[in-house]
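Visitor: Sharing model.tsv (TSV, C-alpha atoms and all ligand atoms) below.
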```tsv
chain	number	residue	atom	x	y	z
A	160	MET	CA	0.66	16.27	-9.02
A	161	ALA	CA	-2.85	14.97	-8.33
A	162	VAL	CA	-4.03	12.19	-10.60
A	163	ILE	CA	-7.72	12.66	-9.75
A	164	THR	CA	-9.24	16.08	-9.13
A	165	ALA	CA	-12.89	16.91	-8.57
A	166	ARG	CA	-13.72	20.56	-7.96
A	167	ASN	CA	-17.28	21.59	-7.04
A	168	LEU	CA	-18.55	18.61	-8.98
A	169	VAL	CA	-22.31	18.65	-9.54
A	170	LYS	CA	-24.62	16.12	-11.17
A	171	ARG	CA	-28.34	16.62	-11.63
A	172	TYR	CA	-30.52	13.92	-13.14
A	173	PRO	CA	-33.75	14.97	-14.82
A	174	VAL	CA	-36.57	12.72	-13.67
A	175	ALA	CA	-39.85	12.79	-15.61
A	176	LEU	CA	-42.94	13.47	-13.50
A	177	LYS	CA	-46.17	11.70	-14.28
A	178	GLU	CA	-49.57	12.61	-12.85
A	179	PRO	CA	-51.91	9.68	-12.20
A	180	GLY	CA	-54.80	8.84	-14.57
A	181	LEU	CA	-55.38	9.16	-18.32
A	182	ARG	CA	-54.88	12.91	-18.34
A	183	GLY	CA	-51.50	12.42	-16.66
A	184	THR	CA	-50.51	9.74	-19.17
A	185	LEU	CA	-51.41	11.99	-22.13
A	186	GLN	CA	-49.54	14.92	-20.60
A	187	HIS	CA	-46.60	12.60	-20.00
A	188	PHE	CA	-46.46	11.89	-23.75
A	189	PHE	CA	-47.03	15.39	-25.10
A	190	ARG	CA	-45.84	17.86	-22.46
A	191	ARG	CA	-43.48	16.00	-20.22
A	192	LYS	CA	-42.49	17.74	-16.98
A	193	TYR	CA	-39.22	17.13	-15.26
A	194	ARG	CA	-37.90	17.44	-11.75
A	195	GLN	CA	-34.16	17.60	-11.06
A	196	VAL	CA	-32.55	15.13	-8.66
A	197	GLU	CA	-29.26	16.52	-7.36
A	198	ALA	CA	-27.18	13.39	-6.84
A	199	VAL	CA	-23.83	15.21	-6.40
A	200	ARG	CA	-23.85	18.75	-4.99
A	201	GLY	CA	-20.49	20.44	-5.20
A	202	VAL	CA	-17.99	17.75	-4.21
A	203	SER	CA	-14.25	18.53	-4.17
A	204	PHE	CA	-11.34	16.19	-3.47
A	205	SER	CA	-8.14	15.02	-5.08
A	206	LEU	CA	-5.98	11.91	-5.04
A	207	GLU	CA	-2.22	11.72	-5.43
A	208	PRO	CA	-0.67	8.97	-7.59
A	209	GLY	CA	-0.50	5.64	-5.75
A	210	GLU	CA	-3.06	6.54	-3.07
A	211	VAL	CA	-5.74	4.02	-2.07
A	212	VAL	CA	-8.75	5.93	-0.81
A	213	GLY	CA	-12.02	4.59	0.62
A	214	PHE	CA	-15.11	6.32	-0.73
A	215	LEU	CA	-17.91	5.94	1.79
A	216	GLY	CA	-21.48	7.04	2.17
A	217	PRO	CA	-24.91	5.62	2.94
A	218	ASN	CA	-27.18	4.25	0.20
A	219	GLY	CA	-28.09	6.93	-2.34
A	220	ALA	CA	-25.30	9.27	-1.17
A	221	GLY	CA	-23.97	9.74	-4.71
A	222	LYS	CA	-20.96	7.39	-4.74
A	223	THR	CA	-21.78	5.53	-7.95
A	224	THR	CA	-22.70	8.81	-9.65
A	225	THR	CA	-19.32	10.29	-8.66
A	226	LEU	CA	-17.49	7.21	-9.96
A	227	LYS	CA	-19.41	7.48	-13.24
A	228	LEU	CA	-18.43	11.16	-13.49
A	229	LEU	CA	-14.78	10.31	-12.83
A	230	THR	CA	-14.76	7.62	-15.52
A	231	GLY	CA	-16.66	9.74	-18.03
A	232	LEU	CA	-19.75	7.54	-18.26
A	233	ILE	CA	-21.86	10.62	-17.54
A	234	HIS	CA	-21.35	14.33	-18.10
A	235	PRO	CA	-21.15	16.65	-15.06
A	236	SER	CA	-23.86	19.31	-14.66
A	237	GLY	CA	-21.29	21.61	-13.08
A	238	GLY	CA	-17.78	21.84	-11.66
A	239	GLU	CA	-14.53	20.41	-12.90
A	240	VAL	CA	-13.15	16.94	-13.09
A	241	ARG	CA	-9.75	15.73	-14.28
A	242	VAL	CA	-8.36	12.22	-14.18
A	243	ALA	CA	-4.83	11.34	-15.33
A	244	GLY	CA	-4.68	14.72	-17.07
A	245	PHE	CA	-7.91	14.20	-19.07
A	246	GLU	CA	-11.48	15.43	-18.90
A	247	PRO	CA	-13.19	12.05	-18.47
A	248	PHE	CA	-16.44	12.87	-20.30
A	249	ARG	CA	-14.52	13.31	-23.58
A	250	ARG	CA	-13.79	9.56	-23.41
A	251	GLU	CA	-10.57	9.91	-25.40
A	252	ALA	CA	-8.85	6.62	-26.21
A	253	ALA	CA	-5.71	7.71	-24.35
A	254	PHE	CA	-7.85	8.36	-21.24
A	255	LEU	CA	-9.64	5.02	-21.45
A	256	ARG	CA	-6.29	3.25	-21.50
A	257	GLN	CA	-5.39	4.80	-18.15
A	258	VAL	CA	-8.51	3.96	-16.15
A	259	THR	CA	-10.81	1.11	-15.26
A	260	LEU	CA	-14.16	0.88	-13.51
A	261	VAL	CA	-15.21	-2.35	-11.80
A	262	MET	CA	-18.72	-2.62	-10.43
A	263	GLY	CA	-19.32	-5.53	-8.08
A	264	ASN	CA	-22.92	-5.83	-9.24
A	265	LYS	CA	-22.23	-5.66	-12.99
A	266	GLN	CA	-20.54	-8.22	-15.12
A	267	GLN	CA	-18.47	-7.74	-18.26
A	268	LEU	CA	-17.35	-11.37	-18.75
A	269	ILE	CA	-19.40	-13.43	-21.20
A	270	TRP	CA	-21.44	-15.86	-19.10
A	271	ASP	CA	-21.35	-18.98	-21.30
A	272	LEU	CA	-17.73	-18.71	-22.45
A	273	PRO	CA	-14.46	-19.24	-20.59
A	274	ALA	CA	-13.00	-16.06	-19.10
A	275	TRP	CA	-10.03	-16.43	-21.47
A	276	ASP	CA	-12.34	-15.72	-24.44
A	277	SER	CA	-13.43	-12.43	-22.85
A	278	PHE	CA	-9.77	-11.58	-22.17
A	279	ARG	CA	-9.06	-12.03	-25.90
A	280	VAL	CA	-11.84	-9.55	-26.68
A	281	ASN	CA	-10.30	-7.03	-24.25
A	282	GLY	CA	-6.87	-7.75	-25.74
A	283	ALA	CA	-8.22	-6.86	-29.20
A	284	VAL	CA	-9.98	-3.70	-27.95
A	285	TYR	CA	-6.80	-2.44	-26.27
A	286	GLU	CA	-4.54	-3.75	-29.07
A	287	ILE	CA	-2.42	-5.88	-26.75
A	288	PRO	CA	-0.16	-8.24	-28.78
A	289	ASP	CA	-0.89	-11.94	-28.24
A	290	ALA	CA	2.29	-12.87	-26.39
A	291	GLU	CA	1.99	-9.82	-24.13
A	292	LEU	CA	-1.67	-10.67	-23.43
A	293	ARG	CA	-0.66	-14.21	-22.39
A	294	ARG	CA	2.06	-12.78	-20.15
A	295	ARG	CA	-0.31	-10.34	-18.45
A	296	VAL	CA	-3.06	-12.94	-17.97
A	297	GLY	CA	-0.48	-15.36	-16.52
A	298	GLU	CA	0.88	-12.76	-14.09
A	299	LEU	CA	-2.52	-11.57	-12.87
A	300	ALA	CA	-3.97	-15.10	-12.71
A	301	GLU	CA	-1.07	-16.14	-10.51
A	302	LEU	CA	-1.59	-13.15	-8.20
A	303	LEU	CA	-5.30	-13.98	-8.00
A	304	GLY	CA	-4.84	-17.75	-7.67
A	305	LEU	CA	-7.04	-18.27	-10.72
A	306	GLN	CA	-4.78	-20.29	-13.07
A	307	GLU	CA	-7.02	-23.37	-13.19
A	308	LYS	CA	-10.25	-21.46	-13.66
A	309	LEU	CA	-9.85	-19.55	-16.87
A	310	THR	CA	-10.81	-22.25	-19.36
A	311	GLN	CA	-14.20	-23.21	-17.95
A	312	PRO	CA	-17.39	-21.28	-18.68
A	313	VAL	CA	-17.76	-18.26	-16.41
A	314	ARG	CA	-21.17	-19.51	-15.23
A	315	LYS	CA	-19.43	-22.49	-13.59
A	316	LEU	CA	-17.19	-20.31	-11.42
A	317	SER	CA	-17.98	-19.46	-7.81
A	318	LEU	CA	-18.95	-15.87	-7.07
A	319	GLY	CA	-15.47	-15.15	-5.66
A	320	GLU	CA	-13.72	-16.67	-8.69
A	321	ARG	CA	-15.96	-14.71	-11.02
A	322	MET	CA	-15.15	-11.45	-9.25
A	323	LYS	CA	-11.44	-12.20	-9.49
A	324	ALA	CA	-11.82	-12.96	-13.20
A	325	GLU	CA	-13.72	-9.66	-13.59
A	326	LEU	CA	-10.82	-7.85	-11.93
A	327	LEU	CA	-8.34	-9.63	-14.18
A	328	ALA	CA	-10.30	-8.57	-17.29
A	329	ALA	CA	-10.53	-4.98	-16.04
A	330	LEU	CA	-6.76	-4.78	-15.46
A	331	LEU	CA	-5.44	-6.30	-18.66
A	332	HIS	CA	-4.76	-2.89	-20.21
A	333	GLN	CA	-2.67	-1.98	-17.13
A	334	PRO	CA	-4.67	1.07	-16.04
A	335	ARG	CA	-3.02	3.53	-13.65
A	336	VAL	CA	-6.29	4.54	-12.02
A	337	LEU	CA	-8.79	2.03	-10.63
A	338	PHE	CA	-12.35	2.91	-9.67
A	339	LEU	CA	-13.87	0.01	-7.75
A	340	ASP	CA	-17.54	0.05	-6.78
A	341	GLU	CA	-18.20	-2.64	-4.16
A	342	PRO	CA	-15.61	-5.12	-5.48
A	343	THR	CA	-16.25	-7.59	-2.64
A	344	LEU	CA	-20.05	-7.37	-2.60
A	345	GLY	CA	-21.64	-10.65	-1.51
A	346	LEU	CA	-18.35	-12.58	-1.41
A	347	ASP	CA	-17.61	-14.99	1.43
A	348	VAL	CA	-15.00	-13.99	3.99
A	349	ASN	CA	-12.14	-15.92	2.33
A	350	ALA	CA	-12.83	-14.48	-1.10
A	351	GLN	CA	-13.11	-10.97	0.39
A	352	THR	CA	-9.71	-11.41	2.00
A	353	SER	CA	-8.05	-12.62	-1.17
A	354	VAL	CA	-9.52	-9.80	-3.28
A	355	ARG	CA	-8.22	-7.31	-0.68
A	356	GLU	CA	-4.76	-8.90	-0.70
A	357	PHE	CA	-4.70	-8.82	-4.46
A	358	LEU	CA	-5.62	-5.13	-4.57
A	359	ARG	CA	-2.94	-4.29	-2.02
A	360	GLU	CA	-0.33	-6.18	-4.02
A	361	TYR	CA	-1.51	-4.63	-7.30
A	362	ASN	CA	-1.21	-1.16	-5.78
A	363	ARG	CA	2.26	-1.94	-4.42
A	364	ARG	CA	3.54	-3.53	-7.61
A	365	TYR	CA	2.21	-1.02	-10.16
A	366	GLY	CA	1.79	2.11	-8.04
A	367	ALA	CA	-1.86	2.28	-9.16
A	368	THR	CA	-4.20	4.87	-7.68
A	369	ILE	CA	-7.38	3.29	-6.30
A	370	LEU	CA	-10.70	4.85	-5.28
A	371	LEU	CA	-12.88	2.19	-3.69
A	372	THR	CA	-16.40	2.00	-2.32
A	373	SER	CA	-17.43	-0.80	0.01
A	374	HIS	CA	-20.05	-1.65	2.56
A	375	TYR	CA	-17.46	-3.74	4.39
A	376	MET	CA	-15.38	-1.74	6.84
A	377	ALA	CA	-12.76	-4.50	6.74
A	378	ASP	CA	-12.05	-3.64	3.06
A	379	ILE	CA	-11.44	-0.05	4.02
A	380	THR	CA	-9.28	-0.78	7.06
A	381	ALA	CA	-7.22	-3.33	5.11
A	382	LEU	CA	-6.53	-1.05	2.16
A	383	CYS	CA	-7.05	2.62	2.86
A	384	GLU	CA	-5.21	5.14	4.97
A	385	ARG	CA	-7.55	7.86	3.84
A	386	VAL	CA	-11.31	8.08	3.53
A	387	VAL	CA	-13.59	10.44	1.63
A	388	MET	CA	-17.19	10.36	2.83
A	389	ILE	CA	-20.27	11.84	1.20
A	390	HIS	CA	-23.87	12.16	2.27
A	391	GLN	CA	-26.78	13.44	0.15
A	392	GLY	CA	-24.31	14.44	-2.53
A	393	ARG	CA	-22.12	16.52	-0.21
A	394	LEU	CA	-18.66	15.83	1.10
A	395	ILE	CA	-18.73	15.36	4.87
A	396	TYR	CA	-15.29	13.94	5.63
A	397	ASP	CA	-11.91	13.84	3.92
A	398	GLY	CA	-9.10	12.64	6.10
A	399	GLY	CA	-7.18	9.81	7.73
A	400	LEU	CA	-8.94	6.53	8.40
A	401	SER	CA	-7.41	6.24	11.85
A	402	GLY	CA	-8.73	9.71	12.75
A	403	LEU	CA	-12.18	8.70	11.53
A	404	LEU	CA	-12.22	5.42	13.45
A	405	GLY	CA	-10.68	6.96	16.55
A	406	ARG	CA	-13.34	9.66	16.66
A	407	PHE	CA	-16.38	7.88	15.31
A	408	ALA	CA	-15.77	4.18	15.85
A	409	PRO	CA	-13.67	3.91	19.00
A	410	TYR	CA	-14.92	0.33	19.50
A	411	ARG	CA	-14.30	-3.01	17.89
A	412	GLU	CA	-16.65	-5.92	18.12
A	413	VAL	CA	-15.50	-9.19	19.71
A	414	VAL	CA	-17.52	-12.31	18.94
A	415	LEU	CA	-17.02	-15.13	21.44
A	416	LYS	CA	-17.90	-18.81	21.23
A	417	LEU	CA	-17.73	-20.37	24.68
A	418	ASN	CA	-17.48	-23.95	25.92
A	419	ARG	CA	-20.09	-23.24	28.61
A	420	ALA	CA	-22.64	-20.47	29.07
A	421	LEU	CA	-21.68	-17.65	31.41
A	422	PRO	CA	-23.86	-15.19	33.33
A	423	ARG	CA	-23.95	-11.77	31.67
A	424	PRO	CA	-22.28	-9.88	34.56
A	425	GLU	CA	-19.24	-12.09	34.16
A	426	LEU	CA	-18.86	-10.93	30.55
A	427	GLU	CA	-19.55	-7.31	31.43
A	428	ARG	CA	-16.21	-7.14	33.21
A	429	TYR	CA	-14.49	-7.08	29.80
A	430	GLY	CA	-16.62	-4.65	27.80
A	431	GLU	CA	-20.12	-3.62	26.77
A	432	VAL	CA	-22.15	-6.76	26.13
A	433	ARG	CA	-24.24	-6.34	22.98
A	434	GLU	CA	-25.62	-9.85	22.95
A	435	ALA	CA	-25.22	-12.96	25.12
A	436	GLN	CA	-27.16	-16.08	24.27
A	437	GLY	CA	-26.20	-19.58	25.25
A	438	LEU	CA	-22.64	-20.23	24.15
A	439	GLU	CA	-22.33	-17.07	22.00
A	440	ALA	CA	-21.68	-13.47	22.98
A	441	ARG	CA	-20.90	-10.17	21.23
A	442	LEU	CA	-19.00	-7.47	23.11
A	443	LEU	CA	-17.86	-3.97	22.22
A	444	LEU	CA	-14.32	-3.18	23.36
A	445	ARG	CA	-12.54	0.14	23.14
A	446	ARG	CA	-9.75	0.02	20.56
A	447	GLU	CA	-7.07	1.10	23.02
A	448	ASN	CA	-7.98	-1.74	25.46
A	449	LEU	CA	-8.51	-4.37	22.83
A	450	VAL	CA	-5.27	-6.34	23.03
A	451	GLY	CA	-5.19	-6.46	26.83
A	452	ALA	CA	-8.88	-7.34	27.15
A	453	VAL	CA	-8.68	-10.10	24.52
A	454	ALA	CA	-5.64	-11.62	26.22
A	455	GLN	CA	-7.47	-11.51	29.56
A	456	MET	CA	-10.58	-13.16	28.09
A	457	LEU	CA	-8.49	-15.94	26.57
A	458	ARG	CA	-6.85	-16.52	29.96
A	459	GLU	CA	-9.93	-16.31	32.14
A	460	LEU	CA	-12.92	-17.50	30.10
A	461	PRO	CA	-13.77	-20.89	28.55
A	462	VAL	CA	-13.23	-19.57	25.00
A	463	GLU	CA	-13.61	-21.95	22.08
A	464	ASP	CA	-13.34	-19.33	19.39
A	465	LEU	CA	-12.82	-15.57	19.30
A	466	GLU	CA	-13.18	-13.16	16.39
A	467	VAL	CA	-12.45	-9.42	16.32
A	468	ARG	CA	-14.55	-7.48	13.80
A	469	GLU	CA	-14.69	-3.93	12.54
A	470	PRO	CA	-18.00	-2.16	13.15
A	471	PRO	CA	-20.25	-2.05	10.07
A	472	VAL	CA	-19.67	0.93	7.72
A	473	GLU	CA	-23.24	2.06	8.37
A	474	GLU	CA	-22.53	2.30	12.10
A	475	VAL	CA	-19.44	4.47	11.53
A	476	ILE	CA	-21.35	6.71	9.13
A	477	SER	CA	-24.25	7.15	11.55
A	478	GLN	CA	-21.77	8.08	14.28
A	479	VAL	CA	-20.33	10.77	12.00
A	480	PHE	CA	-23.84	12.23	11.61
A	481	ALA	CA	-24.68	11.82	15.28
A	482	GLN	CA	-21.62	13.83	16.30
A	483	GLY	CA	-22.11	16.21	13.38
A	484	GLU	CA	-18.75	17.91	13.77
A	485	VAL	CA	-17.17	17.21	10.43
A	486	VAL	CA	-16.08	20.17	8.41
A	487	PRO	CA	-16.90	19.73	4.71
A	488	GLY	CA	-13.74	19.60	2.65
A	489	SER	CA	-11.63	19.18	5.76
A	490	ASN	CA	-8.22	17.88	4.94
A	491	GLU	CA	-7.51	16.52	8.32
A	492	ARG	CA	-5.08	13.83	7.19
A	493	LYS	CA	-3.47	11.28	9.47
B	1	LIG	N1	-30.02	7.72	-13.72
B	1	LIG	C1	-30.57	8.30	-12.66
B	1	LIG	N2	-31.69	9.05	-12.81
B	1	LIG	C2	-32.25	9.67	-11.75
B	1	LIG	N3	-31.77	9.61	-10.49
B	1	LIG	C3	-30.68	8.87	-10.28
B	1	LIG	C4	-30.02	8.17	-11.35
B	1	LIG	N4	-28.94	7.52	-10.83
B	1	LIG	C5	-28.91	7.79	-9.51
B	1	LIG	N5	-29.96	8.59	-9.18
B	1	LIG	C6	-30.25	9.13	-7.84
B	1	LIG	O1	-29.12	9.85	-7.40
B	1	LIG	C7	-28.85	9.63	-6.01
B	1	LIG	C8	-27.44	9.06	-5.83
B	1	LIG	O2	-27.38	7.77	-6.38
B	1	LIG	P1	-26.03	6.89	-6.43
B	1	LIG	O3	-26.37	5.61	-7.13
B	1	LIG	O4	-24.93	7.71	-6.98
B	1	LIG	O5	-25.78	6.63	-4.88
B	1	LIG	P2	-24.81	5.60	-4.16
B	1	LIG	O6	-24.13	6.38	-3.09
B	1	LIG	O7	-23.96	4.90	-5.14
B	1	LIG	O8	-25.82	4.59	-3.50
B	1	LIG	P3	-25.71	2.99	-3.24
B	1	LIG	O9	-24.73	2.80	-2.11
B	1	LIG	O10	-27.13	2.65	-2.84
B	1	LIG	O11	-25.30	2.36	-4.53
B	1	LIG	C9	-29.96	8.70	-5.53
B	1	LIG	O12	-30.96	9.50	-4.97
B	1	LIG	C10	-30.44	8.03	-6.80
B	1	LIG	O13	-31.80	7.67	-6.69
```
Step by step, read the file and then write its structure as structure tokens.
Guide:
Amino acid sequence: MAVITARNLVKRYPVALKEPGLRGTLQHFFRRKYRQVEAVRGVSFSLEPGEVVGFLGPNGAGKTTTLKLLTGLIHPSGGEVRVAGFEPFRREAAFLRQVTLVMGNKQQLIWDLPAWDSFRVNGAVYEIPDAELRRRVGELAELLGLQEKLTQPVRKLSLGERMKAELLAALLHQPRVLFLDEPTLGLDVNAQTSVREFLREYNRRYGATILLTSHYMADITALCERVVMIHQGRLIYDGGLSGLLGRFAPYREVVLKLNRALPRPELERYGEVREAQGLEARLLLRRENLVGAVAQMLRELPVEDLEVREPPVEEVISQVFAQGEVVPGSNERK
């Protein structure tokens, strides 16, 4: 049975209108007028227990609003939503024990205190006995590689360490459903990788269901087999990641560092050259040719370093629009 269900979910925000000038200001105080912003316009999808699903969309698409609806931070203007058998907006204690929301740009740890002190606060809120709290912190800290970092003030941690400590705090009550809004935002590549590995292990170990937004395609490809995409509050894709990438991002980007500069035509033999300057070049290679072409480049070119990257999320999304063939609500799974 689905653990998350959204059916025709709608959210309208009232936004106060204000005319310019004194008259407008007075009117604004006494007879305020409102305009409705429709952030979510009839979105439907569901997640089975244990699924890890990427939730994508351009800026302002309605992702954060949907996550807030699913965690009960805001009330829907229409439609139905159920998470772990509850209606989120009722914010029942039994519901709150089952879910967590982590926002990469918001912090719940207390800045000047060690993370452990914030964990104790969470332990008290969720009534976790002391010994059990220590056990859970120990287990998660080990998975996150954070053991040494929990007794110094949070402000002294690196951004990556802080994000890991945020995740630890958000998972102490052992939620079954994780809503993660940009959990790797701004982290360096190593920290991004370790957060991804942690999430994969957490999902495997506890069978948690995870709905995740990210601007980094690598997060999505590392963790998600399925992707739900929205645009202007409407669902535009629900299906397998490989289907999405195969249709809308058939290329991967190869970044080359060379020992000596090469003329552009020499690089063009391997793929579409996006950029070639001095000792650096960026090429687009079709996914199906990638392995062969990379092996050939390593054999034939003076390569000092080679990196294969996913295209940016924005590029994939714009391809989806450009081809405009996605059926809303399609369930074209892998
Ligand atoms: N409290 C609010 N009051 C009025 N409008 C809002 C409010 N919150 C969001 N919006 C509007 O709703 C739309 C969707 O916003 P939302 O934050 O859900 O998008 P998003 O997909 O998370 O974007 P981003 O990737 O930029 O975070 C936007 O047009 C935004 O301006």
Visitor: Which one of A:Ala367, A:Val169, A:Leu316, A:Leu382 sits closest to ligand LIG 1 (chain B) if you count only C-alpha atoms and all ligand atoms?
Guide: A:Val169
Visitor: Could the residues of segment 238-334 of chain A that have an atom at most 8 Å from segment 350-355 of chain A be listed as a tab-separated table, each with its closest atom pair and the distance in Å to one decimal, counting only C-alpha atoms and ordered by chain and ascending residue number?
Guide:
```
residue	atom	partner	partner_atom	distance
A:Leu303	CA	A:Ser353	CA	7.5
A:Gly319	CA	A:Ala350	CA	5.3
A:Glu320	CA	A:Ala350	CA	7.9
A:Lys323	CA	A:Val354	CA	6.9
```
Visitor: Once 3 Å is added on each side, what centre and edge lengths in Å to one decimal does the axis-aligned box around all listed atoms of ligand LIG 1 (chain B) have, as AutoDock Vina command-line options?
Guide:
```
--center_x -28.1 --center_y 6.1 --center_z -7.9 --size_x 14.3 --size_y 13.5 --size_z 17.6
```
Visitor: Report the closest atom pair, with its distance in Å rounded to one decimal, for each residue of chain A that has an atom no farther than 9 Å from ligand LIG 1 (chain B); count all atoms listed in the file, sort by chain and then rising residue number, and write it as CSV.
Guide:
```
residue,atom,partner,partner_atom,distance
A:Lys170,CA,B:LIG1,O1,8.6
A:Arg171,CA,B:LIG1,N3,7.9
A:Tyr172,CA,B:LIG1,C2,4.8
A:Pro173,CA,B:LIG1,C2,6.3
A:Val174,CA,B:LIG1,C2,5.6
A:Gln195,CA,B:LIG1,C2,8.2
A:Val196,CA,B:LIG1,N3,5.9
A:Glu197,CA,B:LIG1,O1,6.7
A:Ala198,CA,B:LIG1,O1,4.1
A:Val199,CA,B:LIG1,C8,7.2
A:Leu215,CA,B:LIG1,O6,7.9
A:Gly216,CA,B:LIG1,O6,5.9
A:Pro217,CA,B:LIG1,O9,5.8
A:Asn218,CA,B:LIG1,O10,3.4
A:Gly219,CA,B:LIG1,O5,3.4
A:Ala220,CA,B:LIG1,O6,3.7
A:Gly221,CA,B:LIG1,O4,3.2
A:Lys222,CA,B:LIG1,O6,3.7
A:Thr223,CA,B:LIG1,O7,3.6
A:Thr224,CA,B:LIG1,O4,3.6
A:Thr225,CA,B:LIG1,O4,6.4
A:Leu226,CA,B:LIG1,O4,8.0
A:Lys227,CA,B:LIG1,O4,8.3
A:Asp340,CA,B:LIG1,O7,8.2
A:Glu341,CA,B:LIG1,O11,8.7
A:Thr372,CA,B:LIG1,O9,8.4
A:Ser373,CA,B:LIG1,O9,8.4
A:His374,CA,B:LIG1,O9,8.0
A:Ile389,CA,B:LIG1,O6,7.9
A:His390,CA,B:LIG1,O6,7.9
A:Gln391,CA,B:LIG1,C8,7.4
A:Gly392,CA,B:LIG1,C8,7.0
```
Visitor: Choose the residue, out of A:Leu404, A:Arg200, A:Arg335, A:Gly451, that has the smallest atom-to-atom separation from Arg363 of chain A; count only C-alpha atoms.
Guide: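 Answer, going by the shortest atom-to-atom distance: A:Arg335.
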Visitor: Determine the nearest neighbour of Arg241 of chain A from the options A:Thr259, A:Asn281, A:Met160, A:Gly430, counting only C-alpha atoms.
Guide: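 Ranked by minimum distance to Arg241 of chain A, first place goes to A:Met160.
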Visitor: A:Leu326, A:Val284, A:Leu232, A:Leu346: which is nearest Ala300 of chain A, counting all atoms listed in the file?
Guide: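 Selected residue with least distance to Ala300 of chain A: A:Leu326.
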Visitor: Could you check how far atom CA of Tyr365 of chain A sits from atom CA of Phe248 of chain A, in Å to one decimal?
Guide: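 One can read the atom CA of Tyr365 of chain A to atom CA of Phe248 of chain A distance as 25.4 Å.
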Visitor: Do a neighbour search on Leu442 of chain A at 8 Å with all atoms listed in the file, toss out local chain neighbours closer than 3 positions, and write the hits as a PyMOL selection string.
Guide: chain A and resi 412-414+430-434
Visitor: When you count all atoms listed in the file, which of these residues is closest to Gly399 of chain A: A:Leu302, A:Leu206, A:Val212, A:Ala165?
Guide: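 Using all atoms listed in the file, Gly399 of chain A sits closest to A:Val212.
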Visitor: Go through A:Val467, A:Leu331, A:Ile476, A:Leu457 one by one, measure the shortest atom-to-atom distance of each to Phe407 of chain A using all atoms listed in the file, and give the residue with the smallest value.
Guide: A:Ile476
Visitor: How many Å separate atom CA of Val336 of chain A from atom CA of Glu291 of chain A?
Guide: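 Calculated distance between atom CA of Val336 of chain A and atom CA of Glu291 of chain A is 20.5 Å.
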